[in-house]
file run20.cif (mmCIF, C-alpha atoms)
data_query
#
loop_
_atom_site.group_PDB
_atom_site.id
_atom_site.type_symbol
_atom_site.label_atom_id
_atom_site.label_comp_id
_atom_site.auth_asym_id
_atom_site.auth_seq_id
_atom_site.Cartn_x
_atom_site.Cartn_y
_atom_site.Cartn_z
ATOM 1 C CA MET A 499 33.379 70.170 11.497
ATOM 2 C CA LYS A 500 31.573 69.144 8.315
ATOM 3 C CA SER A 501 34.873 68.450 6.617
ATOM 4 C CA GLU A 502 35.905 66.175 9.498
ATOM 5 C CA LYS A 503 32.616 64.270 9.247
ATOM 6 C CA ARG A 504 33.083 63.991 5.498
ATOM 7 C CA LYS A 505 36.663 62.720 5.964
ATOM 8 C CA MET A 506 35.427 60.178 8.512
ATOM 9 C CA LYS A 507 32.637 59.102 6.163
ATOM 10 C CA ASN A 508 35.097 58.771 3.239
ATOM 11 C CA MET A 509 37.502 56.789 5.433
ATOM 12 C CA SER A 510 34.631 54.595 6.501
ATOM 13 C CA LEU A 511 33.676 53.968 2.862
ATOM 14 C CA ALA A 512 37.296 53.189 1.985
ATOM 15 C CA LYS A 513 37.546 50.734 4.883
ATOM 16 C CA LYS A 514 34.300 49.045 3.831
ATOM 17 C CA PHE A 515 35.554 48.783 0.263
ATOM 18 C CA LEU A 516 38.878 47.332 1.427
ATOM 19 C CA ILE A 517 37.138 44.786 3.662
ATOM 20 C CA ARG A 518 34.807 43.737 0.841
ATOM 21 C CA TRP A 519 37.701 43.480 -1.612
ATOM 22 C CA LYS A 520 39.699 41.328 0.803
ATOM 23 C CA SER A 521 36.651 39.116 1.403
ATOM 24 C CA ALA A 522 36.032 38.692 -2.311
ATOM 25 C CA PHE A 523 39.697 37.898 -2.928
ATOM 26 C CA LEU A 524 39.711 35.364 -0.104
ATOM 27 C CA LEU A 525 36.564 33.691 -1.493
ATOM 28 C CA PHE A 526 38.185 33.577 -4.927
ATOM 29 C CA ILE A 527 41.247 31.804 -3.522
ATOM 30 C CA ILE A 528 39.140 29.365 -1.502
ATOM 31 C CA PHE A 529 36.987 28.567 -4.559
ATOM 32 C CA ASN A 530 40.030 27.946 -6.789
ATOM 33 C CA LEU A 531 41.701 25.802 -4.154
ATOM 34 C CA SER A 532 38.516 23.784 -3.635
ATOM 35 C CA PHE A 533 38.098 23.325 -7.373
ATOM 36 C CA SER A 534 41.711 22.115 -7.713
ATOM 37 C CA ILE A 535 41.247 19.637 -4.874
ATOM 38 C CA LEU A 536 38.018 18.381 -6.430
ATOM 39 C CA LEU A 537 39.703 17.807 -9.793
ATOM 40 C CA SER A 538 42.675 16.019 -8.304
ATOM 41 C CA SER A 539 40.449 13.806 -6.179
ATOM 42 C CA CYS A 540 38.597 12.737 -9.315
ATOM 43 C CA GLY A 541 41.850 11.408 -10.728
ATOM 44 C CA VAL A 542 42.042 13.907 -13.556
ATOM 45 C CA TYR A 543 45.284 15.742 -14.015
ATOM 46 C CA SER A 544 46.982 17.579 -16.799
ATOM 47 C CA LEU A 545 48.497 20.981 -17.302
ATOM 48 C CA THR A 546 46.015 21.591 -20.093
ATOM 49 C CA GLY A 547 42.863 20.183 -18.558
ATOM 50 C CA GLY A 548 43.057 16.774 -20.190
ATOM 51 C CA ASP A 549 41.254 13.682 -18.963
ATOM 52 C CA ILE A 550 44.115 11.501 -17.746
ATOM 53 C CA PRO A 551 43.309 8.898 -15.082
ATOM 54 C CA ALA A 552 45.373 9.264 -11.903
ATOM 55 C CA ASN A 553 46.732 5.733 -12.256
ATOM 56 C CA ALA A 554 48.159 6.490 -15.729
ATOM 57 C CA LYS A 555 51.854 7.126 -15.148
ATOM 58 C CA THR A 556 53.648 6.535 -18.456
ATOM 59 C CA PHE A 557 53.426 7.017 -22.200
ATOM 60 C CA SER A 558 55.392 5.734 -25.172
ATOM 61 C CA VAL A 559 55.754 6.806 -28.772
ATOM 62 C CA ALA A 560 57.062 4.161 -31.159
ATOM 63 C CA GLN A 561 59.117 5.594 -33.997
ATOM 64 C CA PHE A 562 56.680 6.525 -36.784
ATOM 65 C CA THR A 563 57.697 5.517 -40.304
ATOM 66 C CA ASN A 564 57.012 7.145 -43.645
ATOM 67 C CA GLN A 565 54.874 5.050 -45.983
ATOM 68 C CA ALA A 566 53.558 7.889 -48.161
ATOM 69 C CA ALA A 567 54.102 7.803 -51.926
ATOM 70 C CA SER A 568 56.137 11.040 -51.661
ATOM 71 C CA VAL A 569 58.629 10.890 -48.843
ATOM 72 C CA ASN A 570 60.134 13.696 -46.818
ATOM 73 C CA PRO A 571 63.096 11.915 -45.199
ATOM 74 C CA ASN A 572 62.939 13.858 -41.918
ATOM 75 C CA LEU A 573 59.181 14.013 -41.436
ATOM 76 C CA ALA A 574 58.618 10.767 -39.518
ATOM 77 C CA GLN A 575 61.407 11.529 -37.025
ATOM 78 C CA VAL A 576 60.286 15.143 -36.530
ATOM 79 C CA PHE A 577 56.687 14.002 -36.064
ATOM 80 C CA SER A 578 57.608 11.306 -33.517
ATOM 81 C CA ASP A 579 59.772 13.745 -31.559
ATOM 82 C CA GLY A 580 57.015 16.364 -31.629
ATOM 83 C CA LEU A 581 54.448 13.934 -30.233
ATOM 84 C CA ARG A 582 56.865 12.961 -27.442
ATOM 85 C CA THR A 583 57.533 16.611 -26.632
ATOM 86 C CA LYS A 584 53.805 17.373 -26.460
ATOM 87 C CA PHE A 585 53.225 14.694 -23.826
ATOM 88 C CA ILE A 586 56.358 15.571 -21.862
ATOM 89 C CA SER A 587 55.485 19.265 -21.738
ATOM 90 C CA GLU A 588 51.733 19.080 -21.213
ATOM 91 C CA THR A 589 51.178 16.069 -18.957
ATOM 92 C CA LYS A 590 52.716 14.513 -15.878
ATOM 93 C CA LEU A 591 53.196 11.220 -17.710
ATOM 94 C CA LYS A 592 56.736 9.866 -17.889
ATOM 95 C CA GLU A 593 58.102 8.625 -21.187
ATOM 96 C CA MET A 594 59.259 5.044 -21.452
ATOM 97 C CA SER A 595 60.744 3.080 -24.334
ATOM 98 C CA ASP A 596 58.485 0.040 -23.837
ATOM 99 C CA THR A 597 54.716 0.217 -24.107
ATOM 100 C CA GLY A 598 53.412 2.874 -21.718
ATOM 101 C CA ASP A 599 49.972 3.293 -20.169
ATOM 102 C CA PHE A 600 49.311 5.514 -23.198
ATOM 103 C CA ALA A 601 51.035 4.058 -26.280
ATOM 104 C CA PHE A 602 51.255 5.570 -29.766
ATOM 105 C CA SER A 603 52.441 3.971 -32.977
ATOM 106 C CA GLY A 604 51.800 4.510 -36.657
ATOM 107 C CA TYR A 605 53.093 5.883 -39.915
ATOM 108 C CA ILE A 606 52.847 8.749 -42.392
ATOM 109 C CA VAL A 607 50.279 7.769 -45.047
ATOM 110 C CA THR A 608 49.958 10.985 -47.054
ATOM 111 C CA TYR A 609 52.482 13.591 -48.076
ATOM 112 C CA GLY A 610 51.634 15.502 -51.203
ATOM 113 C CA VAL A 611 50.930 18.752 -52.985
ATOM 114 C CA ALA A 612 47.790 19.482 -55.021
ATOM 115 C CA PRO A 613 46.109 22.657 -56.305
ATOM 116 C CA ALA A 614 43.955 24.263 -53.621
ATOM 117 C CA SER A 615 42.430 27.267 -55.351
ATOM 118 C CA ILE A 616 41.764 27.643 -59.059
ATOM 119 C CA LYS A 617 41.401 31.006 -60.805
ATOM 120 C CA ALA A 618 40.123 31.823 -64.282
ATOM 121 C CA GLY A 619 41.669 29.723 -67.019
ATOM 122 C CA ASP A 620 42.034 26.667 -64.776
ATOM 123 C CA LEU A 621 45.254 27.971 -63.235
ATOM 124 C CA ALA A 622 46.054 27.347 -59.612
ATOM 125 C CA GLN A 623 46.355 30.322 -57.260
ATOM 126 C CA LEU A 624 47.333 28.250 -54.256
ATOM 127 C CA ASN A 625 48.867 24.860 -53.746
ATOM 128 C CA ARG A 626 48.113 22.694 -50.727
ATOM 129 C CA LEU A 627 50.532 20.469 -48.855
ATOM 130 C CA THR A 628 48.633 17.684 -47.100
ATOM 131 C CA ILE A 629 50.051 15.332 -44.494
ATOM 132 C CA GLY A 630 48.141 12.318 -43.186
ATOM 133 C CA VAL A 631 49.232 10.187 -40.244
ATOM 134 C CA TYR A 632 47.773 6.817 -39.272
ATOM 135 C CA VAL A 633 47.847 6.495 -35.474
ATOM 136 C CA LYS A 634 47.188 3.489 -33.276
ATOM 137 C CA PHE A 635 46.557 4.622 -29.689
ATOM 138 C CA THR A 636 46.416 2.078 -26.876
ATOM 139 C CA ASN A 637 45.151 3.132 -23.463
ATOM 140 C CA LYS A 638 46.049 0.397 -20.939
ATOM 141 C CA ILE A 639 44.016 2.101 -18.207
ATOM 142 C CA ASP A 640 40.791 2.494 -20.197
ATOM 143 C CA PRO A 641 40.825 0.249 -23.309
ATOM 144 C CA LYS A 642 37.445 1.645 -24.443
ATOM 145 C CA ARG A 643 39.356 4.781 -25.431
ATOM 146 C CA ASN A 644 41.756 2.965 -27.773
ATOM 147 C CA PHE A 645 41.615 4.083 -31.396
ATOM 148 C CA GLU A 646 43.115 3.529 -34.808
ATOM 149 C CA LYS A 647 42.587 6.564 -36.973
ATOM 150 C CA THR A 648 44.124 8.612 -39.773
ATOM 151 C CA PHE A 649 44.604 12.294 -38.947
ATOM 152 C CA THR A 650 44.986 14.703 -41.855
ATOM 153 C CA GLU A 651 45.971 18.369 -41.906
ATOM 154 C CA TYR A 652 47.173 20.786 -44.592
ATOM 155 C CA ASP A 653 48.515 24.259 -45.304
ATOM 156 C CA ASP A 654 48.228 26.291 -48.487
ATOM 157 C CA PHE A 655 51.024 28.199 -50.201
ATOM 158 C CA ASP A 656 51.318 30.539 -53.170
ATOM 159 C CA VAL A 657 51.943 28.922 -56.561
ATOM 160 C CA SER A 658 54.830 31.300 -57.161
ATOM 161 C CA LYS A 659 56.815 29.281 -54.590
ATOM 162 C CA THR A 660 58.063 25.745 -54.896
ATOM 163 C CA LEU A 661 57.530 23.143 -52.197
ATOM 164 C CA ALA A 662 61.260 23.310 -51.451
ATOM 165 C CA ASP A 663 60.869 27.051 -50.685
ATOM 166 C CA VAL A 664 58.191 26.513 -48.023
ATOM 167 C CA GLU A 665 58.506 22.857 -47.008
ATOM 168 C CA THR A 666 60.266 23.325 -43.662
ATOM 169 C CA THR A 667 57.785 25.939 -42.432
ATOM 170 C CA LEU A 668 54.718 24.086 -43.729
ATOM 171 C CA ASP A 669 55.875 20.755 -42.278
ATOM 172 C CA ALA A 670 56.333 22.369 -38.859
ATOM 173 C CA ASP A 671 52.908 24.050 -38.964
ATOM 174 C CA ILE A 672 51.102 20.936 -40.164
ATOM 175 C CA ASN A 673 52.910 18.714 -37.647
ATOM 176 C CA LYS A 674 51.842 21.036 -34.858
ATOM 177 C CA LYS A 675 48.190 20.751 -35.929
ATOM 178 C CA LEU A 676 48.395 16.969 -36.320
ATOM 179 C CA ILE A 677 49.985 16.532 -32.907
ATOM 180 C CA GLN A 678 47.311 18.712 -31.306
ATOM 181 C CA ASP A 679 44.569 16.665 -33.019
ATOM 182 C CA ILE A 680 46.107 13.405 -31.774
ATOM 183 C CA TYR A 681 46.596 14.814 -28.272
ATOM 184 C CA ASN A 682 42.953 15.934 -28.205
ATOM 185 C CA ALA A 683 41.734 12.518 -29.345
ATOM 186 C CA ALA A 684 43.818 10.666 -26.749
ATOM 187 C CA VAL A 685 43.726 12.981 -23.746
ATOM 188 C CA MET A 686 40.894 15.428 -24.178
ATOM 189 C CA ASN A 687 38.477 12.652 -25.210
ATOM 190 C CA TRP A 688 37.338 14.557 -28.322
#

call {"tool": "encode", "arguments": {"input": "run20.cif", "output": "structure tokens"}}
result
Amino acid sequence: MKSEKRKMKNMSLAKKFLIRWKSAFLLFIIFNLSFSILLSSCGVYSLTGGDIPANAKTFSVAQFTNQAASVNPNLAQVFSDGLRTKFISETKLKEMSDTGDFAFSGYIVTYGVAPASIKAGDLAQLNRLTIGVYVKFTNKIDPKRNFEKTFTEYDDFDVSKTLADVETTLDADINKKLIQDIYNAAVMNW
């Protein structure tokens, strides 16, 4: 008899737990749905939480050029394509060839290697590849957010390697950082 009461009590506890779990899960879903509706009604949408007005529909990236003293012949094209890809993959904006609601143009201003870390005897331990990009951003929807700015990023590499040994990898890494910085400045309002 006691074992039956204990089984009933345990079943009762399990049912209570299940009911509470279902209630908590349902509240979680309702909260997330409400939050999503609130964000979309404010006109903010982006896959990454950016601040893009609902009436912004398009973006454009003019072909960047390379005006640095040292020129990597592929860098401007790779950079332009990377910026396009970032906006295609992380926003709902559609790319257009003419000036979009969000428009980017500019050029590579810096591309060079310099010592980054010096050890005893004034010898370099690391070299640093630095890339700087001048960007003009025009926001047709909210012109107060327009900017003209130079973004600079770098990566270090061991002095035992030449730039030719590491250039492709470093360019890709630095481009990724630059594109994220530009995206943040334009979309995240940072």

call {"tool": "closest_residue", "arguments": {"input": "run20.cif", "among": "A:Ile606, A:Glu593, A:Ile586, A:Ile550", "to": "Asn564 in chain A", "atoms": "only C-alpha atoms"}}
result
A:Ile606

call {"tool": "resolve_selection", "arguments": {"input": "run20.cif", "expression": "the PyMOL selection byres ((chain A and resi 674-680) around 7)", "output": "ChimeraX atom specification"}}
result
/A:581,649-651,670-673,681-684

call {"tool": "resolve_selection", "arguments": {"input": "run20.cif", "expression": "the PyMOL selection byres ((chain A and resi 648) around 7)", "output": "short mmCIF file (atom, residue, chain, number, x, y, z; two decimals) with C-alpha atoms, in the coordinates of the input"}}
result
data_model
loop_
_atom_site.label_atom_id
_atom_site.label_comp_id
_atom_site.auth_asym_id
_atom_site.auth_seq_id
_atom_site.Cartn_x
_atom_site.Cartn_y
_atom_site.Cartn_z
CA GLY A 630 48.14 12.32 -43.19
CA VAL A 631 49.23 10.19 -40.24
CA TYR A 632 47.77 6.82 -39.27
CA VAL A 633 47.85 6.50 -35.47
CA LYS A 647 42.59 6.56 -36.97
CA PHE A 649 44.60 12.29 -38.95
CA THR A 650 44.99 14.70 -41.86
#

call {"tool": "residues_near_point", "arguments": {"input": "run20.cif", "point": "(51.7, 5.9, -34.4)", "cutoff": "6 Å", "atoms": "all atoms listed in the file", "output": "number ranges by chain"}}
result
A: 562, 602-605, 633-634

call {"tool": "atom_distance", "arguments": {"input": "run20.cif", "atom1": "CA of Thr589 in chain A", "atom2": "CA of Pro551 in chain A"}}
result
11.3 Å

call {"tool": "atom_distance", "arguments": {"input": "run20.cif", "atom1": "CA of Arg643 in chain A", "atom2": "CA of Thr628 in chain A"}}
result
26.9 Å

call {"tool": "residues_around", "arguments": {"input": "run20.cif", "residues": "Met594 in chain A", "least_positions_apart": "4", "cutoff": "9 Å", "atoms": "all atoms listed in the file", "output": "PyMOL selection string"}}
result
chain A and resi 556-559+598

call {"tool": "atom_distance", "arguments": {"input": "run20.cif", "atom1": "CA of Asp654 in chain A", "atom2": "CA of Arg626 in chain A"}}
result
4.2 Å

call {"tool": "closest_residue", "arguments": {"input": "run20.cif", "among": "A:Val657, A:Ala601, A:Asn644, A:Tyr652", "to": "Leu621 in chain A", "atoms": "all atoms listed in the file"}}
result
A:Val657

call {"tool": "resolve_selection", "arguments": {"input": "run20.cif", "expression": "the PyMOL selection byres ((chain A and resi 624) around 6)", "output": "JSON, numbers by chain"}}
result
{"A": [614, 615, 622, 623, 625, 655, 656, 657]}

call {"tool": "residues_near_point", "arguments": {"input": "run20.cif", "point": "(54.0, 13.7, -44.9)", "cutoff": "9 Å", "atoms": "only C-alpha atoms", "output": "ChimeraX atom specification"}}
result
/A:564-566,568-570,573-574,606-610,627-631,669,673

call {"tool": "axis_aligned_box", "arguments": {"input": "run20.cif", "around": "range 622-639 of chain A", "padding_each_side": "5 Å", "output": "AutoDock Vina command-line options"}}
result
--center_x 47.3 --center_y 15.4 --center_z -38.9 --size_x 16.5 --size_y 39.9 --size_z 51.4

call {"tool": "closest_residue", "arguments": {"input": "run20.cif", "among": "A:Ala554, A:Asp599, A:Thr666, A:Ser658", "to": "Lys638 in chain A", "atoms": "only C-alpha atoms"}}
result
A:Asp599
